[in-house]
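Trainee: Before anything else, here's the structure in question.
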Amino acid sequence: MKTKKSFLALALVVALLLSLGSTAFADTAAYQNTQAFLQAIDGYTELTATLVGVIDFAGEKYEQVKLSYNGEASDYTSNFSILFNEDQEDIVLYMGQVIKFDESRLSEVLTEVNKLNAQSTGVKLYVDTSDNTVSAELFQLVTKDSAADLSLTAVGFLIGFTDKVFESLADYAV
């Protein structure tokens with residue numbers, strides 16, 4: 001009798017999991033550019049990717065991949081996201097927290113971030129006073145044929161840039 005109950009319980013669990021459908025599990029990329037990027041980074045042991053799924057970002061549909069980089073090209077661990085647009089014509093890389101700073105130093109941080117933004121034509125930095133953080137964003141135009149290569153280049157660029165930003169703002173970090 002116990003075996004029948006265990007089998008029935010297992011069958012019910014399997015049925016429930018199947019009823020959730022494929023959208024409950026973000027293991028397959030919905031967009032071609034996302035899949036091309038995931039294939040391109042396969043084998044990069046210092047880059048860990050987690051496919052999140054399709055999200056709404058700035059009023060458009062993007063597929064999000066969370067990334068963590070810890071390798072020889074950087075003295076720091078970088079945690080950020082790469083977003084692939086539904087129309088497959090652009091990507092956005094976003095690091096939500098380059099640094100966290102003490103609110104008493106807001107004016108100094110704003111001055112330094114303005115200087116850094118004036119020197120950059122790619123990555124833009126933002127100061128969020130709701131949580132006293134500096135974030136970074138990189139917008140990149142791509143095509144279906146160039147998405148994988150440009151995404152890898154953009155990832156390297158963001159990591160290098162935010163490393164330099166962190167060093168520039170390290171005196172303000174808490």
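Residue numbering restarts at 1 in every chain; chains get A, B, ... in the order shown in the structure tokens, and ligands count up from 1 in that same order.
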Counting only C-alpha atoms, which residues of stretch 126-146 of chain A sit at most 10 Å from some atom of stretch 36-39 of chain A, and what is each one's closest atom pair with its distance in Å to one decimal, listed by chain and rising residue number, as a tab-separated table?
Mentor:
residue	atom	partner	partner_atom	distance
A:Lys144	CA	A:Ala36	CA	8.8
A:Asp145	CA	A:Ala36	CA	9.3
A:Ser146	CA	A:Ala36	CA	9.6
Trainee: Fewer than 6 positions away in the same chain doesn't count, so skip those; otherwise give me all residues within 9 Å of A:Ala136, counting only C-alpha atoms, as a PDB file with all heavy atoms, in the first residue's frame.
Mentor:
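Below is the file that was written, around.pdb:
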ATOM      1  N   LEU A  93      23.521  46.196 -20.994  1.00  0.00           N
ATOM      2  CA  LEU A  93      24.230  45.617 -19.866  1.00  0.00           C
ATOM      3  C   LEU A  93      24.026  46.543 -18.688  1.00  0.00           C
ATOM      4  O   LEU A  93      24.135  47.772 -18.833  1.00  0.00           O
ATOM      5  CB  LEU A  93      25.726  45.468 -20.156  1.00  0.00           C
ATOM      6  CG  LEU A  93      26.060  44.336 -21.125  1.00  0.00           C
ATOM      7  CD1 LEU A  93      25.964  44.800 -22.555  1.00  0.00           C
ATOM      8  CD2 LEU A  93      27.418  43.778 -20.830  1.00  0.00           C
ATOM      9  N   TYR A  94      23.719  45.958 -17.529  1.00  0.00           N
ATOM     10  CA  TYR A  94      23.373  46.771 -16.370  1.00  0.00           C
ATOM     11  C   TYR A  94      24.006  46.201 -15.114  1.00  0.00           C
ATOM     12  O   TYR A  94      23.815  45.028 -14.800  1.00  0.00           O
ATOM     13  CB  TYR A  94      21.853  46.831 -16.211  1.00  0.00           C
ATOM     14  CG  TYR A  94      21.416  47.663 -15.038  1.00  0.00           C
ATOM     15  CD1 TYR A  94      21.436  49.051 -15.113  1.00  0.00           C
ATOM     16  CD2 TYR A  94      21.005  47.073 -13.848  1.00  0.00           C
ATOM     17  CE1 TYR A  94      21.050  49.829 -14.039  1.00  0.00           C
ATOM     18  CE2 TYR A  94      20.615  47.853 -12.767  1.00  0.00           C
ATOM     19  CZ  TYR A  94      20.643  49.224 -12.872  1.00  0.00           C
ATOM     20  OH  TYR A  94      20.271  49.998 -11.804  1.00  0.00           O
ATOM     21  N   MET A  95      24.776  47.028 -14.420  1.00  0.00           N
ATOM     22  CA  MET A  95      25.331  46.668 -13.118  1.00  0.00           C
ATOM     23  C   MET A  95      24.637  47.558 -12.090  1.00  0.00           C
ATOM     24  O   MET A  95      24.854  48.772 -12.064  1.00  0.00           O
ATOM     25  CB  MET A  95      26.847  46.875 -13.078  1.00  0.00           C
ATOM     26  CG  MET A  95      27.463  46.426 -11.761  1.00  0.00           C
ATOM     27  SD  MET A  95      29.265  46.617 -11.695  1.00  0.00           S
ATOM     28  CE  MET A  95      29.784  45.350 -12.849  1.00  0.00           C
ATOM     29  N   GLY A  96      23.807  46.959 -11.278  1.00  0.00           N
ATOM     30  CA  GLY A  96      22.987  47.715 -10.338  1.00  0.00           C
ATOM     31  C   GLY A  96      23.746  48.362  -9.203  1.00  0.00           C
ATOM     32  O   GLY A  96      23.288  49.358  -8.653  1.00  0.00           O
ATOM     33  N   GLN A  97      24.902  47.821  -8.840  1.00  0.00           N
ATOM     34  CA  GLN A  97      25.664  48.428  -7.760  1.00  0.00           C
ATOM     35  C   GLN A  97      27.152  48.325  -8.042  1.00  0.00           C
ATOM     36  O   GLN A  97      27.763  47.297  -7.833  1.00  0.00           O
ATOM     37  CB  GLN A  97      25.350  47.765  -6.417  1.00  0.00           C
ATOM     38  CG  GLN A  97      26.076  48.413  -5.261  1.00  0.00           C
ATOM     39  CD  GLN A  97      25.695  47.821  -3.914  1.00  0.00           C
ATOM     40  OE1 GLN A  97      24.547  47.532  -3.672  1.00  0.00           O
ATOM     41  NE2 GLN A  97      26.670  47.641  -3.058  1.00  0.00           N
ATOM     42  N   VAL A  98      27.699  49.418  -8.546  1.00  0.00           N
ATOM     43  CA  VAL A  98      29.143  49.498  -8.702  1.00  0.00           C
ATOM     44  C   VAL A  98      29.748  49.766  -7.324  1.00  0.00           C
ATOM     45  O   VAL A  98      30.708  49.125  -6.918  1.00  0.00           O
ATOM     46  CB  VAL A  98      29.550  50.590  -9.710  1.00  0.00           C
ATOM     47  CG1 VAL A  98      31.066  50.682  -9.827  1.00  0.00           C
ATOM     48  CG2 VAL A  98      28.915  50.329 -11.071  1.00  0.00           C
ATOM     49  N   VAL A 123      29.576  53.561 -21.502  1.00  0.00           N
ATOM     50  CA  VAL A 123      28.900  53.244 -20.248  1.00  0.00           C
ATOM     51  C   VAL A 123      28.492  54.545 -19.572  1.00  0.00           C
ATOM     52  O   VAL A 123      29.259  55.498 -19.522  1.00  0.00           O
ATOM     53  CB  VAL A 123      29.828  52.441 -19.310  1.00  0.00           C
ATOM     54  CG1 VAL A 123      29.146  52.155 -17.988  1.00  0.00           C
ATOM     55  CG2 VAL A 123      30.255  51.141 -19.981  1.00  0.00           C
ATOM     56  N   LYS A 124      27.277  54.558 -19.055  1.00  0.00           N
ATOM     57  CA  LYS A 124      26.797  55.706 -18.299  1.00  0.00           C
ATOM     58  C   LYS A 124      26.566  55.278 -16.864  1.00  0.00           C
ATOM     59  O   LYS A 124      26.099  54.170 -16.583  1.00  0.00           O
ATOM     60  CB  LYS A 124      25.493  56.269 -18.891  1.00  0.00           C
ATOM     61  CG  LYS A 124      25.725  56.965 -20.215  1.00  0.00           C
ATOM     62  CD  LYS A 124      26.690  58.130 -20.041  1.00  0.00           C
ATOM     63  CE  LYS A 124      27.144  58.713 -21.344  1.00  0.00           C
ATOM     64  NZ  LYS A 124      28.380  59.465 -21.236  1.00  0.00           N
ATOM     65  N   LEU A 125      26.905  56.175 -15.952  1.00  0.00           N
ATOM     66  CA  LEU A 125      26.766  55.930 -14.528  1.00  0.00           C
ATOM     67  C   LEU A 125      25.578  56.720 -13.991  1.00  0.00           C
ATOM     68  O   LEU A 125      25.319  57.837 -14.447  1.00  0.00           O
ATOM     69  CB  LEU A 125      28.039  56.348 -13.795  1.00  0.00           C
ATOM     70  CG  LEU A 125      29.317  55.657 -14.258  1.00  0.00           C
ATOM     71  CD1 LEU A 125      30.540  56.323 -13.640  1.00  0.00           C
ATOM     72  CD2 LEU A 125      29.268  54.177 -13.917  1.00  0.00           C
ATOM     73  N   TYR A 126      24.909  56.141 -13.017  1.00  0.00           N
ATOM     74  CA  TYR A 126      23.748  56.769 -12.395  1.00  0.00           C
ATOM     75  C   TYR A 126      23.897  56.698 -10.885  1.00  0.00           C
ATOM     76  O   TYR A 126      24.315  55.668 -10.346  1.00  0.00           O
ATOM     77  CB  TYR A 126      22.460  56.062 -12.804  1.00  0.00           C
ATOM     78  CG  TYR A 126      22.236  56.066 -14.300  1.00  0.00           C
ATOM     79  CD1 TYR A 126      22.662  55.000 -15.087  1.00  0.00           C
ATOM     80  CD2 TYR A 126      21.634  57.153 -14.921  1.00  0.00           C
ATOM     81  CE1 TYR A 126      22.478  55.017 -16.455  1.00  0.00           C
ATOM     82  CE2 TYR A 126      21.445  57.168 -16.292  1.00  0.00           C
ATOM     83  CZ  TYR A 126      21.865  56.095 -17.054  1.00  0.00           C
ATOM     84  OH  TYR A 126      21.695  56.108 -18.416  1.00  0.00           O
ATOM     85  N   LEU A 158      32.369  46.400 -20.120  1.00  0.00           N
ATOM     86  CA  LEU A 158      31.683  46.789 -18.882  1.00  0.00           C
ATOM     87  C   LEU A 158      32.513  46.389 -17.659  1.00  0.00           C
ATOM     88  O   LEU A 158      32.656  47.176 -16.722  1.00  0.00           O
ATOM     89  CB  LEU A 158      30.291  46.162 -18.794  1.00  0.00           C
ATOM     90  CG  LEU A 158      29.513  46.552 -17.531  1.00  0.00           C
ATOM     91  CD1 LEU A 158      28.978  47.968 -17.661  1.00  0.00           C
ATOM     92  CD2 LEU A 158      28.387  45.582 -17.256  1.00  0.00           C
ATOM     93  N   THR A 162      33.867  49.276 -15.209  1.00  0.00           N
ATOM     94  CA  THR A 162      33.379  49.362 -13.830  1.00  0.00           C
ATOM     95  C   THR A 162      34.498  49.096 -12.817  1.00  0.00           C
ATOM     96  O   THR A 162      34.445  49.614 -11.703  1.00  0.00           O
ATOM     97  CB  THR A 162      32.179  48.426 -13.588  1.00  0.00           C
ATOM     98  OG1 THR A 162      32.510  47.091 -13.980  1.00  0.00           O
ATOM     99  CG2 THR A 162      30.950  48.916 -14.349  1.00  0.00           C
TER     100      THR A 162
END
Trainee: Could you make a table, as a tab-separated table, of the residues of stretch 140-160 of chain A that have an atom within 12 Å of an atom of stretch 62-69 of chain A, each with its nearest atom pair and distance in Å to one decimal, counting only C-alpha atoms, in chain and number order?
Mentor:
residue	atom	partner	partner_atom	distance
A:Ser151	CA	A:Val65	CA	11.6
A:Leu152	CA	A:Leu67	CA	11.7
A:Val155	CA	A:Leu67	CA	9.2
A:Gly156	CA	A:Tyr69	CA	9.7
A:Leu158	CA	A:Tyr69	CA	10.9
A:Ile159	CA	A:Tyr69	CA	8.1
A:Gly160	CA	A:Tyr69	CA	11.1
Trainee: Among stretch 71-109 of chain A, which ones does DSSP assign to helix (DSSP H, G or I) (computed from the backbone)? Answer as a PyMOL selection string.
Mentor: chain A and resi 103-109
